Each structure stands twice: as C-alpha cells, then as structure tokens.
>>> print(open('data.cif').read())   # mmCIF, C-alpha atoms
data_target
loop_
_atom_site.label_atom_id
_atom_site.label_comp_id
_atom_site.auth_asym_id
_atom_site.auth_seq_id
_atom_site.Cartn_x
_atom_site.Cartn_y
_atom_site.Cartn_z
CA MET A 1 104.52 118.81 110.23
CA ASP A 2 106.60 117.45 113.10
CA PHE A 3 105.16 116.16 116.33
CA LYS A 4 106.45 114.37 119.39
CA THR A 5 107.44 110.75 118.87
CA THR A 6 106.56 108.71 121.91
CA LYS A 7 106.19 105.08 122.69
CA GLU A 8 103.23 104.98 123.84
CA SER A 9 80.72 117.11 87.99
CA LYS A 10 80.88 118.58 87.17
CA PRO A 11 79.66 121.87 88.72
CA PHE A 12 75.97 121.20 88.08
CA LEU A 13 76.13 117.84 89.84
CA SER A 14 77.90 119.43 92.81
CA LEU A 15 75.25 122.13 93.10
CA PHE A 16 72.46 119.61 92.72
CA LEU A 17 73.81 117.35 95.46
CA PHE A 18 74.41 120.31 97.74
CA LEU A 19 70.83 121.52 97.36
CA LEU A 20 69.43 118.01 97.64
CA PHE A 21 71.14 117.19 100.91
CA SER A 22 70.56 120.68 102.29
CA SER A 23 66.85 120.15 101.78
CA ILE A 24 66.97 116.86 103.66
CA PHE A 25 68.95 118.08 106.64
CA PRO A 26 71.24 121.01 107.44
CA LEU A 27 74.34 118.93 108.01
CA SER A 28 77.92 119.51 106.98
CA PHE A 29 80.45 116.75 107.64
CA SER A 30 83.15 119.07 108.87
CA ALA A 31 85.11 119.00 112.08
CA ALA A 32 81.91 118.84 114.13
CA ASN A 33 80.65 115.61 112.55
CA LYS A 34 77.49 115.60 114.61
CA PRO A 35 75.49 112.32 114.58
CA LEU A 36 72.04 112.33 113.02
CA ASN A 37 68.79 112.03 114.93
CA SER A 38 66.75 108.88 114.35
CA ASP A 39 64.50 110.40 111.67
CA LYS A 40 67.41 111.66 109.61
CA LEU A 41 69.26 108.40 110.18
CA HIS A 42 66.35 106.44 108.70
CA ARG A 43 66.43 108.55 105.55
CA LEU A 44 70.19 108.46 104.93
CA VAL A 45 71.57 105.17 106.27
CA SER A 46 73.14 103.29 103.38
CA SER A 47 76.22 101.27 102.43
CA ALA A 48 79.60 101.86 100.81
CA VAL A 49 81.24 99.22 98.64
CA PHE A 50 84.89 98.94 97.63
CA ARG A 51 86.78 96.85 95.11
CA LEU A 52 89.50 94.61 96.57
CA HIS A 53 92.77 93.59 94.95
CA GLY A 54 94.94 90.66 95.97
CA ASN A 55 94.94 86.92 96.57
CA VAL A 56 96.06 84.33 99.09
CA TYR A 57 98.96 83.18 96.91
CA PRO A 58 101.35 84.51 95.78
CA LEU A 59 100.56 87.99 97.17
CA GLY A 60 99.29 86.89 100.58
CA TYR A 61 96.99 89.85 101.27
CA TYR A 62 93.96 91.80 100.07
CA THR A 63 93.99 95.57 99.69
CA VAL A 64 91.49 98.36 99.27
CA SER A 65 92.24 101.79 97.80
CA LEU A 66 90.93 104.60 99.99
CA ASN A 67 90.91 108.31 99.27
CA ILE A 68 91.93 110.50 102.22
CA GLY A 69 92.13 114.27 102.57
CA TYR A 70 91.05 117.22 100.46
CA PRO A 71 91.97 117.21 97.71
CA PRO A 72 91.81 113.41 98.02
CA LYS A 73 94.91 111.25 97.78
CA LEU A 74 94.71 107.50 97.21
CA TYR A 75 96.19 105.04 99.74
CA ASP A 76 96.25 101.25 99.39
CA LEU A 77 95.47 99.52 102.69
CA ASP A 78 95.63 95.92 103.87
CA ILE A 79 92.13 94.90 105.07
CA ASP A 80 92.15 93.37 108.55
CA SER A 81 89.11 92.09 110.46
CA GLY A 82 91.51 91.13 113.27
CA SER A 83 92.10 94.74 114.36
CA ASP A 84 90.12 97.96 114.58
CA LEU A 85 92.55 100.84 114.07
CA THR A 86 93.12 102.15 110.56
CA TRP A 87 96.52 103.73 109.96
CA VAL A 88 98.63 104.98 107.08
CA GLN A 89 102.36 105.53 106.80
CA CYS A 90 103.12 109.07 107.87
CA ASP A 91 105.60 111.69 106.70
CA ALA A 92 106.55 112.86 110.18
CA PRO A 93 109.35 111.79 109.29
CA CYS A 94 108.94 108.02 109.19
CA ASN A 95 110.92 105.00 110.37
CA GLY A 96 110.16 101.68 108.72
CA CYS A 97 108.02 103.16 105.98
CA THR A 98 108.02 101.23 102.71
CA LYS A 99 106.68 103.93 100.39
CA PRO A 100 108.45 106.94 98.85
CA ARG A 101 107.98 110.13 100.82
CA GLU A 102 105.63 111.64 98.23
CA GLN A 103 103.23 108.71 98.79
CA LEU A 104 103.10 109.12 102.58
CA TYR A 105 100.35 110.94 104.46
CA LYS A 106 101.30 114.47 105.54
CA PRO A 107 99.50 115.83 108.65
CA LYS A 108 98.17 119.40 108.37
CA ASN A 109 97.46 120.69 111.87
CA ASN A 110 94.83 117.96 112.29
CA LEU A 111 96.08 115.95 115.27
CA VAL A 112 93.48 114.38 117.55
CA GLN A 113 93.89 115.67 121.11
CA CYS A 114 94.59 113.39 124.03
CA VAL A 115 91.31 114.40 125.74
CA ASP A 116 89.24 113.42 122.67
CA GLN A 117 86.88 110.52 123.40
CA LEU A 118 88.32 108.56 120.49
CA CYS A 119 91.75 108.65 122.13
CA ALA A 120 90.51 106.32 124.86
CA GLY A 121 89.83 103.73 122.18
CA VAL A 122 93.52 103.29 121.34
CA HIS A 123 94.62 102.74 124.94
CA LEU A 124 94.39 99.38 126.70
CA THR A 125 93.40 100.97 130.00
CA SER A 126 91.22 103.93 130.90
CA ASN A 127 93.83 105.50 133.19
CA TYR A 128 96.07 106.92 130.46
CA HIS A 129 97.29 110.40 131.32
CA CYS A 130 97.14 113.67 129.41
CA ASP A 131 99.68 116.22 130.64
CA THR A 132 97.70 119.02 129.01
CA PRO A 133 94.38 119.09 127.10
CA ASP A 134 96.31 119.93 123.93
CA ASP A 135 98.51 116.82 124.07
CA GLN A 136 98.47 114.70 120.94
CA CYS A 137 96.81 111.27 121.02
CA ASP A 138 99.54 108.65 120.63
CA TYR A 139 98.87 105.04 119.68
CA GLU A 140 100.81 101.83 119.45
CA VAL A 141 99.30 98.70 117.91
CA GLU A 142 100.97 95.28 117.84
CA TYR A 143 99.79 92.40 115.69
CA ALA A 144 99.80 88.66 116.21
CA ASP A 145 102.82 88.28 113.93
CA HIS A 146 104.67 90.76 116.23
CA GLY A 147 104.66 93.51 113.64
CA SER A 148 103.64 96.92 114.99
CA SER A 149 102.84 100.52 114.19
CA LEU A 150 103.54 103.52 116.40
CA GLY A 151 102.12 106.94 115.70
CA VAL A 152 99.53 109.58 116.45
CA LEU A 153 95.82 109.93 115.71
CA VAL A 154 94.77 112.48 113.11
CA ARG A 155 91.39 113.43 111.68
CA ASP A 156 90.77 114.11 107.99
CA TYR A 157 88.18 113.89 105.24
CA ILE A 158 87.44 110.48 103.71
CA PRO A 159 85.17 111.01 100.69
CA LEU A 160 82.73 108.14 100.14
CA GLN A 161 80.09 107.25 97.61
CA PHE A 162 77.14 105.30 99.00
CA THR A 163 74.84 102.80 97.33
CA ASN A 164 71.89 105.20 97.65
CA GLY A 165 73.75 107.56 95.34
CA SER A 166 74.88 110.07 97.97
CA LEU A 167 78.40 111.49 97.97
CA LEU A 168 79.66 112.56 101.39
CA ARG A 169 82.94 113.65 102.92
CA PRO A 170 82.88 112.75 106.64
CA LYS A 171 85.85 113.65 108.78
CA ILE A 172 87.27 110.45 110.27
CA ALA A 173 90.04 109.76 112.79
CA PHE A 174 92.82 107.30 111.91
CA GLY A 175 96.42 106.60 112.76
CA CYS A 176 99.39 108.40 111.25
CA GLY A 177 102.14 105.80 111.69
CA TYR A 178 105.67 107.15 111.89
CA ASP A 179 107.41 104.01 113.20
CA GLN A 180 106.58 100.62 111.66
CA LYS A 181 108.18 97.29 112.49
CA TYR A 182 107.78 94.10 110.50
CA SER A 183 108.61 90.57 111.57
CA GLY A 184 109.18 87.24 109.91
CA PRO A 185 111.22 86.14 106.91
CA THR A 186 108.97 87.75 104.31
CA SER A 187 109.55 91.25 103.01
CA PRO A 188 107.38 94.12 104.33
CA PRO A 189 103.98 94.47 102.62
CA ALA A 190 103.71 96.77 99.65
CA THR A 191 100.68 98.53 101.14
CA THR A 192 100.60 102.01 102.69
CA GLY A 193 98.84 100.90 105.87
CA VAL A 194 96.02 98.87 107.39
CA LEU A 195 92.23 99.25 107.25
CA GLY A 196 90.98 97.84 110.56
CA LEU A 197 87.51 96.30 110.23
CA GLY A 198 86.94 95.60 113.92
CA ASN A 199 84.21 97.21 116.00
CA GLY A 200 86.37 99.31 118.33
CA ARG A 201 85.51 102.94 118.94
CA THR A 202 88.32 104.16 116.69
CA SER A 203 87.45 101.97 113.69
CA ILE A 204 86.16 103.63 110.53
CA LEU A 205 83.16 101.30 110.78
CA SER A 206 82.20 102.59 114.24
CA GLN A 207 82.77 106.21 113.29
CA LEU A 208 80.58 105.97 110.18
CA HIS A 209 77.91 104.23 112.24
CA SER A 210 78.03 106.87 114.97
CA LEU A 211 77.44 109.52 112.29
CA GLY A 212 74.32 107.68 111.19
CA LEU A 213 75.66 106.87 107.72
CA ILE A 214 75.61 103.05 107.92
CA ARG A 215 74.39 100.18 110.03
CA ASN A 216 77.10 98.68 112.24
CA VAL A 217 77.79 95.92 109.73
CA VAL A 218 80.87 95.14 107.67
CA GLY A 219 81.52 92.33 105.22
CA HIS A 220 83.91 91.04 102.62
CA CYS A 221 83.92 88.60 99.74
CA LEU A 222 87.37 87.32 98.71
CA SER A 223 88.29 85.66 95.43
CA GLY A 224 91.41 84.69 93.56
CA ARG A 225 91.07 87.98 91.64
CA GLY A 226 90.31 90.25 94.58
CA GLY A 227 86.66 90.61 95.55
CA PHE A 228 84.84 93.36 97.39
CA LEU A 229 84.37 94.93 100.82
CA PHE A 230 81.34 96.76 102.17
CA PHE A 231 80.23 98.88 105.14
CA GLY A 232 76.51 98.72 105.94
CA ASP A 233 73.88 96.07 105.25
CA ASP A 234 72.52 96.89 101.77
CA LEU A 235 74.43 94.06 100.06
CA ILE A 236 73.35 91.26 102.41
CA PRO A 237 71.17 88.67 100.64
CA THR A 238 67.63 88.38 101.97
CA SER A 239 67.94 84.59 102.27
CA GLY A 240 70.51 81.83 102.31
CA VAL A 241 72.93 83.39 104.80
CA LEU A 242 74.02 81.06 107.61
CA TRP A 243 74.20 83.00 110.89
CA THR A 244 75.87 82.01 114.13
CA PRO A 245 76.26 84.19 117.24
CA MET A 246 79.52 85.88 118.10
CA LEU A 247 81.15 84.62 121.26
CA PRO A 248 80.83 86.83 124.34
CA SER A 249 84.63 86.80 124.35
CA SER A 250 84.64 88.68 121.03
CA SER A 251 86.46 91.92 121.65
CA GLU A 252 86.25 95.21 119.84
CA LYS A 253 89.48 94.25 118.09
CA HIS A 254 88.38 91.01 116.45
CA TYR A 255 85.47 88.68 115.73
CA SER A 256 85.23 85.24 117.30
CA LEU A 257 82.69 82.43 117.32
CA GLY A 258 82.29 78.86 118.47
CA PRO A 259 82.48 76.32 119.91
CA ALA A 260 82.98 74.42 116.69
CA GLU A 261 83.83 70.86 115.82
CA LEU A 262 85.73 69.75 112.74
CA LEU A 263 84.35 67.36 110.15
CA PHE A 264 86.51 65.56 107.58
CA ASN A 265 84.74 64.23 104.50
CA GLY A 266 81.45 64.68 106.32
CA LYS A 267 82.48 62.71 109.41
CA LEU A 268 83.15 63.97 112.91
CA THR A 269 86.77 64.05 114.05
CA THR A 270 88.45 64.33 117.45
CA VAL A 271 88.85 68.09 116.92
CA LYS A 272 86.14 69.73 119.01
CA SER A 273 85.36 72.77 121.19
CA LEU A 274 87.24 75.17 118.93
CA GLU A 275 86.92 78.91 119.49
CA LEU A 276 87.70 80.64 116.22
CA ILE A 277 88.76 84.13 115.16
CA PHE A 278 87.87 85.27 111.65
CA ASP A 279 90.82 87.31 110.42
CA SER A 280 91.01 88.78 106.93
CA GLY A 281 94.49 90.05 107.77
CA SER A 282 95.85 86.49 107.90
CA SER A 283 96.57 84.76 104.59
CA TYR A 284 96.36 81.25 106.02
CA THR A 285 94.41 79.39 108.68
CA TYR A 286 96.03 78.51 112.00
CA PHE A 287 94.86 75.89 114.49
CA ASN A 288 96.29 75.08 117.89
CA SER A 289 98.93 72.37 117.80
CA LYS A 290 96.66 69.50 118.83
CA ALA A 291 94.01 70.32 116.24
CA TYR A 292 96.62 71.00 113.56
CA HIS A 293 98.35 67.64 113.94
CA ALA A 294 94.98 65.86 113.90
CA ILE A 295 94.16 67.54 110.58
CA VAL A 296 97.56 66.69 109.11
CA ASP A 297 97.10 63.02 110.10
CA LEU A 298 93.65 62.92 108.49
CA VAL A 299 94.96 64.41 105.24
CA ASN A 300 98.04 62.16 105.12
CA ASN A 301 95.99 59.02 105.76
CA GLU A 302 93.68 59.96 102.92
CA LEU A 303 96.65 60.38 100.56
CA LYS A 304 98.09 56.92 101.22
CA GLY A 305 98.34 54.96 97.99
CA LYS A 306 97.80 58.03 95.83
CA GLU A 307 100.24 59.54 93.37
CA LEU A 308 101.47 62.29 95.64
CA THR A 309 104.73 62.43 97.58
CA ARG A 310 106.08 65.00 100.02
CA ALA A 311 107.86 67.93 98.38
CA THR A 312 110.35 68.70 101.13
CA ASP A 313 112.34 71.00 98.85
CA ASP A 314 109.44 73.47 98.45
CA PRO A 315 109.82 76.27 101.02
CA SER A 316 106.45 77.87 100.28
CA LEU A 317 104.64 76.27 103.24
CA PRO A 318 105.54 73.63 105.86
CA ILE A 319 103.71 70.74 104.16
CA CYS A 320 103.71 70.34 100.38
CA TRP A 321 103.24 67.45 97.96
CA LYS A 322 104.30 66.88 94.37
CA GLY A 323 102.82 64.73 91.64
CA ALA A 324 104.15 62.98 88.58
CA LYS A 325 104.04 66.35 86.82
CA SER A 326 103.65 69.93 87.95
CA PHE A 327 100.22 71.17 88.92
CA LYS A 328 98.89 74.40 87.44
CA SER A 329 95.95 75.01 89.78
CA VAL A 330 94.14 73.48 92.72
CA SER A 331 91.53 72.10 90.31
CA ASP A 332 94.25 69.73 89.00
CA VAL A 333 94.65 68.10 92.39
CA LYS A 334 91.47 68.67 94.41
CA ASN A 335 90.16 65.16 93.77
CA TYR A 336 93.02 63.77 95.88
CA PHE A 337 91.72 65.64 98.93
CA LYS A 338 88.51 65.56 100.97
CA PRO A 339 86.44 68.53 102.16
CA LEU A 340 86.59 69.88 105.68
CA ALA A 341 83.76 71.57 107.57
CA LEU A 342 83.27 73.46 110.81
CA ARG A 343 80.02 72.75 112.66
CA PHE A 344 78.74 75.32 115.15
CA LYS A 345 76.52 74.09 117.95
CA LYS A 346 75.34 77.58 118.88
CA GLY A 347 74.34 78.09 115.27
CA LYS A 348 71.91 75.14 115.34
CA ASN A 349 74.65 72.86 114.00
CA LEU A 350 75.19 75.05 110.96
CA GLN A 351 78.27 74.18 108.96
CA MET A 352 80.92 76.23 107.20
CA LEU A 353 82.12 74.08 104.32
CA ILE A 354 85.83 74.19 103.50
CA PRO A 355 86.45 72.40 100.19
CA PRO A 356 90.00 71.53 99.10
CA GLU A 357 90.14 74.78 97.11
CA ALA A 358 89.76 76.62 100.44
CA TYR A 359 92.68 75.01 102.24
CA LEU A 360 95.22 74.25 99.49
CA ILE A 361 97.48 76.35 97.26
CA VAL A 362 99.53 75.43 94.20
CA THR A 363 102.97 77.02 94.35
CA LYS A 364 105.17 78.48 91.63
CA LEU A 365 107.08 75.19 91.70
CA GLY A 366 103.95 73.29 90.68
CA ASN A 367 103.43 71.58 94.03
CA VAL A 368 100.32 71.57 96.20
CA CYS A 369 100.64 72.81 99.79
CA LEU A 370 98.47 72.73 102.89
CA GLY A 371 97.27 76.24 103.77
CA ILE A 372 96.49 75.24 107.37
CA LEU A 373 99.36 75.89 109.78
CA ASP A 374 100.37 75.20 113.37
CA GLY A 375 99.44 78.34 115.30
CA THR A 376 101.10 77.20 118.51
CA GLU A 377 104.40 76.85 116.67
CA VAL A 378 104.32 80.48 115.52
CA GLY A 379 103.42 81.91 118.90
CA LEU A 380 99.62 82.04 118.75
CA GLY A 381 99.18 79.70 121.70
CA ASP A 382 95.73 78.11 121.67
CA LEU A 383 94.25 80.68 119.28
CA ASN A 384 92.54 79.32 116.17
CA ILE A 385 92.50 81.74 113.26
CA ILE A 386 90.38 81.32 110.15
CA GLY A 387 92.32 83.19 107.49
CA ASP A 388 91.71 84.30 103.94
CA ILE A 389 92.33 80.90 102.40
CA CYS A 390 89.23 79.43 104.09
CA LEU A 391 87.14 82.58 103.60
CA GLN A 392 87.47 82.62 99.82
CA ASP A 393 84.36 82.46 97.64
CA LYS A 394 82.10 83.33 100.57
CA MET A 395 80.42 86.56 101.51
CA VAL A 396 81.30 86.91 105.20
CA ILE A 397 79.25 89.38 107.23
CA TYR A 398 80.05 90.77 110.68
CA ASP A 399 76.79 92.12 112.13
CA ASN A 400 77.73 94.05 115.26
CA GLU A 401 74.17 95.18 115.89
CA ARG A 402 72.84 91.64 116.20
CA GLN A 403 76.16 90.22 117.45
CA GLN A 404 76.32 87.53 114.78
CA ILE A 405 78.54 86.41 111.92
CA GLY A 406 77.10 85.08 108.70
CA TRP A 407 78.36 83.59 105.47
CA ILE A 408 77.02 82.43 102.14
CA SER A 409 78.77 80.94 99.11
CA SER A 410 79.19 83.70 96.56
CA ASP A 411 80.76 84.66 93.29
CA CYS A 412 83.00 87.31 94.78
CA ASP A 413 83.75 88.78 91.37
CA ARG A 414 80.15 90.02 91.28
CA ILE A 415 78.47 92.45 93.66
CA PRO A 416 75.01 91.32 94.85
CA ASN A 417 72.14 93.40 93.48
CA ILE A 418 74.40 94.68 90.72
CA ASP A 419 73.70 92.98 87.44
CA ARG A 420 77.06 92.94 85.73
CA ASP A 421 80.46 91.49 86.52
CA PHE A 422 83.57 93.48 87.29
CA GLU A 423 85.16 94.68 84.09
CA GLY A 424 88.87 95.28 84.27
CA ASP A 425 89.79 97.53 87.15
CA ALA A 426 86.46 99.31 87.52
CA PHE A 427 82.95 98.64 88.67
CA PRO A 428 80.45 98.99 85.82
CA HIS A 429 77.67 100.19 88.13
CA PRO A 430 77.47 103.91 88.90
CA TYR A 431 77.03 103.27 92.64
CA ALA A 432 80.31 101.41 92.71
CA ALA A 433 82.20 103.57 90.28
CA ASN A 434 85.64 104.60 91.50
CA LEU A 435 85.83 101.71 93.97
CA GLY A 436 82.92 103.11 95.98
CA ILE A 437 85.02 106.15 96.75
CA PHE A 438 84.21 109.72 95.75
CA GLU A 439 87.00 110.80 93.44
CA ASP A 440 88.59 114.23 93.36
CA GLN A 441 86.37 115.81 90.70
CA GLY A 442 86.66 119.40 91.83
CA CYS A 443 83.31 119.34 93.61
CA PRO A 444 83.89 121.16 96.91
CA ALA A 445 80.18 121.89 97.42
CA ALA A 446 79.26 118.21 97.30
CA SER A 447 82.31 117.33 99.33
CA GLU A 448 81.44 119.79 102.08
CA MET A 449 78.16 117.94 102.49
CA SER A 450 79.87 115.55 103.40
CA ASN A 451 95.68 95.16 116.28
CA ARG A 452 95.32 92.36 116.20
CA TYR A 453 94.86 90.72 119.47
CA GLN A 454 96.30 93.42 121.64
#
>>> encode(input="data.cif", output="structure tokens")
Amino acid sequence: MDFKTTKESKPFLSLFLFLLFSSIFPLSFSAANKPLNSDKLHRLVSSAVFRLHGNVYPLGYYTVSLNIGYPPKLYDLDIDSGSDLTWVQCDAPCNGCTKPREQLYKPKNNLVQCVDQLCAGVHLTSNYHCDTPDDQCDYEVEYADHGSSLGVLVRDYIPLQFTNGSLLRPKIAFGCGYDQKYSGPTSPPATTGVLGLGNGRTSILSQLHSLGLIRNVVGHCLSGRGGFLFFGDDLIPTSGVLWTPMLPSSSEKHYSLGPAELLFNGKLTTVKSLELIFDSGSSYTYFNSKAYHAIVDLVNNELKGKELTRATDDPSLPICWKGAKSFKSVSDVKNYFKPLALRFKKGKNLQMLIPPEAYLIVTKLGNVCLGILDGTEVGLGDLNIIGDICLQDKMVIYDNERQQIGWISSDCDRIPNIDRDFEGDAFPHPYAANLGIFEDQGCPAASEMSNRYQ
C-alpha cells in the first residue's frame, strides 16, 4: 500500500476462552476498542511480561519480540524509556530500512486519520492542520543521538498474553516508518524498530491502560543475558522497592527524577543538584561536562599506584585501562574501582547504588573501560542520562499513576513470582510462554476477544 510521504489450541481452548470472556463482558477488541467501565476494569486488569534479548556490550541495546497483525508476524524492537512512540520499519516503500522487504510491516488499509485523537499525540503543538478528515496521520520523531524516523500512524492487532491467563488481541496504533536516518560512527541497529515505553498518549502503555487492560505502570530488568520487560503492576515486589517521585519536568516522552547528589565510595562529592533521565534506549550513562570530569578525576585518583595504565589504543570508549594481562570480565578488575551512588533528597535520601559492574565494561581487547561519558561533548547539553549500564541487575519501575520511579536489586534472569529460571530461549511458566505474546495458533475466536527528547 502506498501513501503520501511528507515531512511532517487448539480449537477447544479458543472456544473456551471465547465463552469465558463473553460471560464476563461483551467486549471485542476490534476497531472500536472501547475502554472498560470500572467494574469490568477491576476484574480484568493484569500485566503482560516479555523476554528481553541483548546486553550493554558488545551489542549495545536490548530488544523485545512483538507480534503484530493477524495472522501475527514477529518484529524485534529496541526498548526505549526515553520516547513514547512505537514504530516499525514499513514497506511503503522504505528509505533507510535495514531489514529485507519481506520482514517489513505492510499496511493494509489501516492508516490512522489525521482527526483521530491519537494523532495529536505525535505533534509538538496542538495547531497541526488536517486538510480533510481523511488525511493520514504523519509523524516524525528525532532522538537525542540525532537519528530519526518519519512515517505514518497505523492501527493493527497486537496479540498479548496476560499474567492472569487471558489472551487478548487489542488493536493498537503505532508508527509505520518509511524514512529512517541513523547517526554516529556505528552501524544502524539490527532491530526492526523501537518500542517506546514513555507515557505519551500514543504509547502502547497508555493505549493498553486506556482500554482497562493494565495499570499505567511499566518496568524492566536488564541483565548481561537479556532480562525482562513488563506492562502493569503484577510483578512489583510487595516490599523492598525504593521509590522516589518523578520530577514535575518529566514529560510524556521520558522519565526524570532528582535532584540527586553523587557519592563515591560512600562519601559525598562536589557533584550535586543533578536532574536525571532514565533511558533504556541509551547503552551508557551520560553526565554533563562538569559532573563527568569530576567523576573521571575521582576514578583516576583512586587508580594511582595500581597496576592499571591507560589503554589509548582501545577505541571502544573514550577512557580505557589495561592491566598486566587481558581481563576476561569486570569481576577480574572490579576490586580496583570503588562504588558510586546517587542520593535523592526528595526520596528521603534514598540511594541508587552503582557498583563497578554497573559502570565498567571489559572490551574484546581485554581492557576495562569507563561506561560513563561526557554528555555535553556529544550534544546533550546539561542533560544527565542514566543508561542501561547503570540500570543492570535492578528491576526499575515507572509508576505513572503515582508519579514515582522505583528500583530494587534483582536477578533479572528470573521473573518475580515465577519459581523457575529462564531456560534457553523460552519462559518455563505458562503465563510467560512465547515471550508473553499470544502466538499465531489458529485461534481466531480467542483472538477476536481480544523520541527521545523531542
């Protein structure tokens, strides 16, 4: 389908689920997608959980596999808490697409119209103009690294399996990107698109919440093997989570908190009054230039007299060190470094601990490198971005209903309230089978029940 380019199981199970949900409420997640009333919401609200793949190094991103359409087709998306719009590469045709044509999304007369309420969510101002009611809804999103996606909103089925056992196929709006641009020296990502985790009107999170399927909560838990992502609040531990309020300056596009002060080896430093953005779409952590140089000085002073020297020939990151012999993992070198911490005054002086494992990488050359970078130098100005490297081995929760962000140290290769570990590429628990996504099992009856910093 061409459109204008602008700037701007088993049969018994199917029948059973159909009858079950029909007895609870007469709802079909079709084009209408009507939200539930409060009584029905109370009975259905649940969570969806997804397996993540990826790592900070060497991949530099985390992805989730999401089924879209009917019959469903699998798309791998880069998770990004620093933006709200989800988009996939689009066969429209496509400029800057990195996947073969057969792996691109193909629209099927399902464009979102310009007058649709969701269309307002992709425009920076409310005075955008529709020439006719039938105009398509164009979008353009630009990211902090100056990459961008240009396309049009579409609406299609996204089959999901929830932790309460329900299988639903809501119709969700997302971007169909026909013109992608990438910046920087690295090659374009191998993913098919981006899953925006922000709280904007067009985010999948907000749309699922408006349908009454989940609480307005999203979270992730990142590990060196991948981890997991969840929509809704079923997986949040009942105790132990450290909560601090979101800043009023938090936008629908990203999550921010502060002010925070930096501790080094348990002691206060000169780095204070930091406003921070949590961004799962950023591999590394970026501080403003003043804070960054203060951190580098603290680390270098601590290394004086130790058996590490600068590895200026390692291009992996700006600051690297080498030892007498190659390192195989951060555990080989972590004793040379001291822990960092961020202390939040609005969170009753709660601290987010950042051990050496959460700010260092070991490269393919066997050197250790600092995973904290100068944000001012790369065009971020005074923004301070907490990236994946510092968010590893923590469940991080963005609670938009209570306007707070929480975290707790976690084994991110296990799902809370599920007794067994991940095994291979699948979840062993039936709720999480198929990455929390309802697979194409030929069950139409059950199915019918169903950036950054702009």
>>> residues_around(input="data.cif", residues="Gly151 in chain A", least_positions_apart="5", cutoff="8 Å", atoms="only C-alpha atoms", output="ChimeraX atom specification")
/A:5-6,138-140,175-179
>>> residues_around(input="data.cif", residues="Ile354 in chain A", least_positions_apart="6", cutoff="9 Å", atoms="all atoms listed in the file", output="list in words")
Pro339, Leu340, Ala341, Leu342, Cys390 and Leu391 of chain A
>>> atom_distance(input="data.cif", atom1="CA of Pro107 in chain A", atom2="CA of Gln180 in chain A")
17.0 Å
>>> closest_residue(input="data.cif", among="A:Gln103, A:Thr132, A:Asn288, A:Asn335", to="Glu302 in chain A", atoms="all atoms listed in the file")
A:Asn335
>>> resolve_selection(input="data.cif", expression="the PyMOL selection byres ((chain A and resi 196) around 12)", output="NGL selection string")
:A and (63-64 or 77-88 or 141 or 143 or 174-175 or 193-195 or 197-206 or 218 or 252-255 or 279-281 or 451-452)
>>> residues_around(input="data.cif", residues="Pro237 in chain A", least_positions_apart="4", cutoff="12 Å", atoms="all atoms listed in the file", output="ChimeraX atom specification")
/A:219,233,241-242,395-397,406-410,415-417
>>> closest_residue(input="data.cif", among="A:Leu111, A:Ala92, A:Ala311, A:Ala144", to="Ile385 in chain A", atoms="only C-alpha atoms")
A:Ala144
>>> closest_residue(input="data.cif", among="A:Leu167, A:Val271, A:Leu211, A:Leu383", to="His293 in chain A", atoms="all atoms listed in the file")
A:Val271
>>> residues_around(input="data.cif", residues="Gly224 in chain A", least_positions_apart="5", cutoff="12 Å", atoms="only C-alpha atoms", output="list in words")
Leu52, His53, Gly54, Asn55, Val56, Tyr57, Pro58, Leu59, Gly60, Tyr61, Tyr62, Ser329, Val330, Glu357, Ala358, Ile361, Asp388, Ile389, Cys390, Leu391, Gln392, Asp393, Lys394, Asp411, Cys412 and Asp413 of chain A
>>> resolve_selection(input="data.cif", expression="the PyMOL selection byres ((chain A and resi 265) around 6)", output="MDAnalysis selection string")
chainID A and resid 264 266:267 338:339
>>> write_last_selection(input="data.cif", atoms="C-alpha atoms", output="short mmCIF file (atom, residue, chain, number, x, y, z; two decimals), in the coordinates of the input")
data_model
loop_
_atom_site.label_atom_id
_atom_site.label_comp_id
_atom_site.auth_asym_id
_atom_site.auth_seq_id
_atom_site.Cartn_x
_atom_site.Cartn_y
_atom_site.Cartn_z
CA PHE A 264 86.51 65.56 107.58
CA GLY A 266 81.45 64.68 106.32
CA LYS A 267 82.48 62.71 109.41
CA LYS A 338 88.51 65.56 100.97
CA PRO A 339 86.44 68.53 102.16
#
>>> atom_distance(input="data.cif", atom1="CA of Ser316 in chain A", atom2="CA of Thr363 in chain A")
6.9 Å
>>> atom_distance(input="data.cif", atom1="CA of Tyr398 in chain A", atom2="CA of Thr270 in chain A")
28.6 Å
